[in-house]
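Asker: Structure below; questions to follow.
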Amino acid sequence: MSGERGGDDGSEPARGSVDKSAEEGPSDSGSGGPAVGESGGSGPGAAESGGGGDPSTKLHPYSVPYRSLSRSFSTGSLFFFVGVFTSPGGGGDLLTLGAMVVVGIVLGIAYEIAYYQRFRYELTSDTFDVASGVVSRRDREVPLRRVQNVDVQQNVLQRALGLAAVNVETAGGGETEVVLHYVGEAEAERLQRLLRTGAREDAGQDGVESTEPGREPDEEELLFAIQPNELAILSVFTIDPGASLLATIALSFASGFDPTALVPLAPFEGGLPGSGLIALAWAALLFVLVAWIVSAVLTFSRYYGFRLMRAGEELRYERGLLQRYSGTIPLDKVQTLTVEESIPFRWIGYGSLAVETAGYAPGQSGSGGAESAVPIAERERVRALARSIEPFGDPGLESSPKRARERYVVRYGAVVAAVVAAGYAVDAATGALGDWYVLAVLALAVPVAAHLKWANRGFAVGERYFFARTGFWKRTTKVVPHYRIQSVVDTRNVFQRRRRLASVTADTASSAAFFGRAATAYDIDARRATELREDLNDRLQERLRERKRHRLAGGEPPADAGADGERGEGRAGDATGA
Amino acid sequence: MERLSPRIRPVWLTAAIVQAAVSGGLLVGGAVGLTRATDLADAVGLAESTVVQGAIALAVVLAVVRLALAWLRYSVWRFELREDALYIERGVLTRVKTVVPFVRVQHVDSQRGPVERAVGLATVVVYTAGSRSADVAIPGLRPDRAEDLREELRRLAIESEGEDAV
């Protein structure tokens with residue numbers, strides 16, 4: 001039984017791994033380095049073959065020069081400053097400084113050699129063990145069935161060297177559980193496959209050996225490959241959050257750090273009325289244009305060659321032009337599916353699909369929390385792919401009562417009133433704005449905006465899933481399996497209570513919901529909300545009982561295999577039900 | 001539905017007074033400082049004293065609101081151990097009702113801060129693996145009740161036997 005509370009690892013259900021010693025600090029001190037000889041590597045090239053007599057494996061030997069490069073840069077510059085501050089007279093002569101920098105670089109390289117020598121990992125039948133640390137050492141055991149995602153990243157230089165970074169994510173904790181910097185490409189692929197499938201082998205079988213040549217991995221089925229036109233649309237219409245920063249930097253360089261260089265100031269100097277505004281608008285336009293181009297380039301390179309594959313019970317994706325990413329999404333760990341239809345994409349019939357797990361996604365800050373299973377595809381395609389992951393039916397969404405729309409009218413009305421008032425205040429204080437009352441035209445948009453907001457919101461409780469949709473600009477439909485619900489929260493603020501409305505959130509362990517995007521049915525009737533709250537809890541309990549019955553009665557193999565088999569069954573049942 | 005110990009009320013009121021004093025001090029002090037240092041008041045066309053008085057009035061109003069909320073918070077707070085879930089109702093302005101199924105309880109803490117120890121109260125915190133309401137605190141419990149509750153929640157969590165926490 002995979003019940004963890006009763007199991008041997010019940011003491012720490014949330015954490016994905018067990019640390020045997022204190023965490024290694026981000027120690028840059030490199031002081032433990034020189035103790036290790038450089039000739040000690042008994043089988044540095046053994047990464048691919050699995051490592052001879054010692055079952056544990058080292059990182060790829062090229063990781064030493066690669067890591068040293070960046071490490072020696074930081075330690076070198078650190079010692080450069082140490083040299084500047086310690087040398088008599090403050091400035092420091094060139095020789096001392098050079099010597100300090102060399103010392104820093106040598107220490108950095110020594111640290112990296114020691115790191116390489118100390119770092120060992122081993123894939124056993126049910127755990128992934130990592131021993132690492134130069135100054136303070138750490139032995140970490142990650143139970144394989146706690147593994148959420150396994151991601152592989154390669155930048156251009158790493159690709160040239162045949163290196164890859166492997167990140168192993170588990171639920172809980174605010175950081176990646178295991179980071180392997182760096183292993184060989186083939187080894188990365190092997191780990192990515194085994195960290196998932198290894199857990200599914202029979203308990204007696206050794207996960208490592210079972211994948212020796214002869215046993216083919218699960219057949220990969222291509223689910224989705226991005227088409228050039230889709231990539232073009234995606235690049236043009238996606239706003240990359242990092243783009244504005246890069247655009248600022250690009251513009252700063254282009255203008256030679258003189259903000260006036262790119263703005264036509266001739267009319268401004270003429271002193272024409274309003275020319276200041278024109279110059280400002282020109283600068284803004286230029287900025288937006290550059291940011292747009294940067295954003296398109298970033299998006300293009302991020303999703304270039306996107307492919308989504310399915311291998312057994314997991315999804316695998318690959319993407320990236322310069323920096324290659326590939327990752328696995330275990331289907332039995334899916335917390336929430338998110339279908340997003342943002343405004344330009346929705347108009348031309350496209351949408352995207354994200355699969356949320358409790359792990360942390362690669363490049364998460366960039367992609368905004370969830371893993372894009374499909375960055376862009378035709379709407380029907382997105383739905384079909386989502387259904388192949390979680391076979392939900394076609395829910396008729398319940399919309400909020402009409403009085404919710406009144407609430408939005410009031411809300412947007414208040415915003416417009418505030419804007420007009422601000423316009424008046426600015427005009428009164430400076431006299432810059434002549435016709436401040438023109439802003440009142442915005443009031444015309446209020447009913448439209450309120451209606452659109454209302455019309456795009458909805459929720460439904462299906463047989464096995466809870467659906468919640470919201471957003472006009474970025475219409476997001478969340479699909480939450482009932483048995484993934486962690487808690488149900490019903491909130492009613494003063495304004496909602498006045499109109500007998502409430503919002504009900506089905507909280508899951510999805511890491512994407514940290515960024516404030518949980519599945520919420522907004523502004524539904526208060527009585528319905530109470531009902532929904534109880535209903536969701538009841539359905540969760542019922543689904544859990546059902547799963548338990550399956551597990552006990554089915555005589556399925558123990559541990560996770562049981563959960564998987566049951567899951568498959570549930571899926572078949574759902575498909576027919578839907 | 002179980003209510004909190006009434007002893008939590010003075011605790012919350014005291015906390016509200018302290019908070020009101022701090023924020024009121026900042027507000028009035030800021031207003032005095034601003035009017036002294038700059039000619040902001042003149043720019044808006046008000047006398048210096050009016051601005052300061054306004055700040056004081058605002059601080060008093062905020063303090064009264066804070067106190068009222070602290071007073072009312074107690075009367076709203078309720079919790080209940082249901083058949084399969086912990087149910088909590090709280091919040092004066094925004095009423096929040098949370099259902100935490102026992103299956104989802106990761107662990108349970110009972111805590112006693114210095115103020116709580118002084119007045120003889122304790123807090124029970126229930127943790128889930130959720131991302132939004134990952135920890136739910138029940139304050140204002142008598143220490144023995146907190147112990148009981150913690151034990152009971154622990155028992156219920158074990159009995160409910162979740163298969164996988166996430």
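Chains: A, B, ... in order of the structure tokens. Residues: from 1 per chain. Ligands: from 1, in order shown.
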Show me, as a PyMOL selection string, the residues that have an atom within 6 Å of range 121-134 of chain A when counting only C-alpha atoms, minus same-chain residues fewer than 3 positions from it.

Answerer: chain A and resi 56-57+115+118+137-144+199+206-207

Asker: Give me, as a count of residues only, all polymer residues having an atom no more than 8 Å from range 156-161 of chain A, counting only C-alpha atoms and skipping those fewer than 3 positions away in the same chain.

Answerer: 4

Asker: What's around range 47-60 of chain B at 9 Å? Count only C-alpha atoms, leave out sequence neighbours fewer than 3 positions away in its own chain, and write the answer as a PyMOL selection string.

Answerer: chain B and resi 20-21+23-25+27-32+35-36+39-42+44+63-65
